[in-house]
Amino acid sequence: MKNSYLNRVVIASPSGNQTAVVFDDISGMDLAKLNTQISNAWQKMRPNSQAIEQCCYLTKPINSQYLTKVVLFGGEFSGNTALVAVKLLFSQAAPKGLIEVSGADKPLKYLVKNNFVSVGMPIPKNNCASKKSKNIVIVQLEGITHYVILQDENAQNIKPNEYLQKIRQLNYSKNELEPPAIGVLKFNQYTNKATFLIWVKSINTLFDETACGSGTCAIGVAMSYLKQANTNINVVQPSGETINVKTLFNKLTKTIKSSKISGKVDILYDGKLIL
């Protein structure tokens, strides 16, 4: 990049999850380096603001009728970035439609209503989840695999960072089998409070995220799988805000039919960013 700035970057907060959206053409750039530059530039501009947790850019979708294509810097999937992109680009004439997101094989449906954005999530692998142990359910979404830890006295003792390293060593001994991103989530079924540790492979970032759309989706899928029923949960994010997840379960085939998340998106900054 010849210039030491980006012409347009939007910093948004979907339920407290600081997200940077780049509108410039950044093809061919070192995205891991740019990720760091954007994060540092934001901290310099707003030293009292929380750190940026994920970066993405917008590009042309494969179908001109789709809203846009959102690409995460690590190529992973993120539900929150989809919420942000819809918030930025939808018009009153098109409150619903389709959007592409990296890590998802198919376009996702979106809907904007009463200042809230809803986005349909990718269906998990085999339309289901798998139980690793009494307290842990694995949800393999396109672009990210989540390990949902259901909290009780034993689960309280599980340290997400140590658990992440353990599953990477045991489950992904061959590098090509490792997903683009891994999440280790803790969910309290009684308070609906959740925490999210997200690791992204290609840019090697690790964040205790203040909010997580795909992780919230994984919680909905895990609970539907365990209850064998539809679920509608307002998941309390670490930020204190909520993201709603609605998951439909097919009792006949015992599979997940669909899942969607919805939440509020605040725009914190929109303009040039000096790197």
# chains A, B, ... in the order shown; residues from 1 in each chain; ligands from 1

call {"tool": "select_by_dssp", "arguments": {"residues": "stretch 13-149 of chain A", "states": "alpha helix (DSSP H)", "output": "PDB file with C-alpha atoms, in the first residue's frame"}}
result
ATOM      1  CA  LEU A  31      -3.492  -9.242   6.203  1.00  0.00           C
ATOM      2  CA  ALA A  32      -1.848 -10.365   9.428  1.00  0.00           C
ATOM      3  CA  LYS A  33       0.309  -7.222   9.360  1.00  0.00           C
ATOM      4  CA  LEU A  34      -2.637  -5.027   8.383  1.00  0.00           C
ATOM      5  CA  ASN A  35      -4.696  -6.520  11.213  1.00  0.00           C
ATOM      6  CA  THR A  36      -2.056  -5.339  13.686  1.00  0.00           C
ATOM      7  CA  GLN A  37      -1.767  -1.924  12.026  1.00  0.00           C
ATOM      8  CA  ILE A  38      -5.499  -1.295  12.161  1.00  0.00           C
ATOM      9  CA  SER A  39      -5.698  -2.417  15.779  1.00  0.00           C
ATOM     10  CA  ASN A  40      -2.779  -0.170  16.765  1.00  0.00           C
ATOM     11  CA  ALA A  41      -4.151   2.803  14.797  1.00  0.00           C
ATOM     12  CA  TRP A  42      -7.508   2.521  16.557  1.00  0.00           C
ATOM     13  CA  GLN A  43      -5.873   2.349  19.971  1.00  0.00           C
ATOM     14  CA  LYS A  44      -3.837   5.450  19.092  1.00  0.00           C
ATOM     15  CA  MET A  45      -6.946   7.285  17.884  1.00  0.00           C
ATOM     16  CA  GLY A  79     -21.696 -13.923  12.482  1.00  0.00           C
ATOM     17  CA  ASN A  80     -21.042 -10.514  14.007  1.00  0.00           C
ATOM     18  CA  THR A  81     -19.268  -9.179  10.910  1.00  0.00           C
ATOM     19  CA  ALA A  82     -22.302 -10.205   8.870  1.00  0.00           C
ATOM     20  CA  LEU A  83     -24.507  -8.218  11.246  1.00  0.00           C
ATOM     21  CA  VAL A  84     -22.223  -5.185  10.859  1.00  0.00           C
ATOM     22  CA  ALA A  85     -22.093  -5.350   7.049  1.00  0.00           C
ATOM     23  CA  VAL A  86     -25.870  -5.569   6.811  1.00  0.00           C
ATOM     24  CA  LYS A  87     -26.224  -2.610   9.179  1.00  0.00           C
ATOM     25  CA  LEU A  88     -23.862  -0.544   7.010  1.00  0.00           C
ATOM     26  CA  LEU A  89     -25.205  -1.399   3.578  1.00  0.00           C
TER      27      LEU A  89
END

call {"tool": "residues_around", "arguments": {"residues": "A:Lys254", "least_positions_apart": "2", "cutoff": "12 Å", "atoms": "only C-alpha atoms", "output": "VMD selection string"}}
result
chain A and resid 126 to 129 221 224 to 230 248 to 252 256 to 257

call {"tool": "residues_around", "arguments": {"residues": "stretch 110-124 of chain A", "least_positions_apart": "3", "cutoff": "10 Å", "atoms": "only C-alpha atoms", "output": "ChimeraX atom specification"}}
result
/A:14,67,77-80,82-87,90-92,94-99,101,103-107,127-129,138-145,213-214,217-218,221,243-247,255-266

call {"tool": "select_by_dssp", "arguments": {"residues": "stretch 26-250 of chain A", "states": "strand (DSSP E or B)", "output": "VMD selection string"}}
result
chain A and resid 54 to 59 69 to 72 96 to 101 108 to 113 116 to 120 130 to 131 136 to 141 144 to 150 181 to 187 193 to 200 205 to 209 231 to 236 242 to 250

call {"tool": "atom_distance", "arguments": {"atom1": "atom CA of A:Pro179", "atom2": "atom CA of A:Ser15"}}
result
25.3 Å

call {"tool": "closest_residue", "arguments": {"among": "A:Ser102, A:Ser27, A:Asn17, A:Asn192", "to": "A:Glu76", "atoms": "only C-alpha atoms"}}
result
A:Ser102

call {"tool": "closest_residue", "arguments": {"among": "A:Leu164, A:Val235, A:Ala222, A:Leu177", "to": "A:Lys193", "atoms": "only C-alpha atoms"}}
result
A:Val235

call {"tool": "closest_residue", "arguments": {"among": "A:Gly74, A:Tyr147, A:Ala51, A:Glu209", "to": "A:Pro180", "atoms": "only C-alpha atoms"}}
result
A:Gly74

call {"tool": "residues_around", "arguments": {"residues": "A:Ile26", "least_positions_apart": "5", "cutoff": "12 Å", "atoms": "only C-alpha atoms", "output": "number ranges by chain"}}
result
A: 1-3, 5-9, 21, 31, 33-35, 56-59, 71, 73

call {"tool": "closest_atom_pairs", "arguments": {"of": "stretch 98-214 of chain A", "to": "stretch 236-239 of chain A", "cutoff": "10 Å", "atoms": "only C-alpha atoms", "output": "CSV"}}
result
residue,atom,partner,partner_atom,distance
A:Phe187,CA,A:Val236,CA,9.3
A:Asn188,CA,A:Val236,CA,9.6
A:Thr191,CA,A:Val236,CA,8.1
A:Asn192,CA,A:Val236,CA,5.8
A:Lys193,CA,A:Val236,CA,4.6
A:Ala194,CA,A:Gln237,CA,5.7
A:Thr195,CA,A:Pro238,CA,5.9
A:Phe196,CA,A:Pro238,CA,8.1
A:Asp208,CA,A:Pro238,CA,8.9
A:Glu209,CA,A:Pro238,CA,7.5
A:Thr210,CA,A:Pro238,CA,4.9
A:Ala211,CA,A:Gln237,CA,5.1
A:Cys212,CA,A:Gln237,CA,7.5
A:Gly213,CA,A:Gln237,CA,9.6

call {"tool": "write_last_selection", "arguments": {"atoms": "C-alpha atoms", "output": "compact mmCIF listing (two decimals), in the first residue's frame"}}
result
# COMPACT_ATOMS: atom_id res chain seq x y z
CA PHE A 187 -22.19 -21.21 28.79
CA ASN A 188 -24.16 -21.07 32.03
CA THR A 191 -27.97 -17.32 33.85
CA ASN A 192 -27.55 -17.54 30.03
CA LYS A 193 -24.16 -15.88 30.45
CA ALA A 194 -21.36 -16.90 28.08
CA THR A 195 -17.65 -16.32 27.51
CA PHE A 196 -15.80 -16.79 24.22
CA ASP A 208 -11.42 -13.30 24.88
CA GLU A 209 -14.17 -11.73 22.80
CA THR A 210 -16.63 -9.30 24.31
CA ALA A 211 -19.35 -10.75 22.05
CA CYS A 212 -19.44 -13.54 19.47
CA GLY A 213 -22.15 -14.22 16.88

call {"tool": "atom_distance", "arguments": {"atom1": "atom CA of A:Ile167", "atom2": "atom CA of A:Ile219"}}
result
18.8 Å
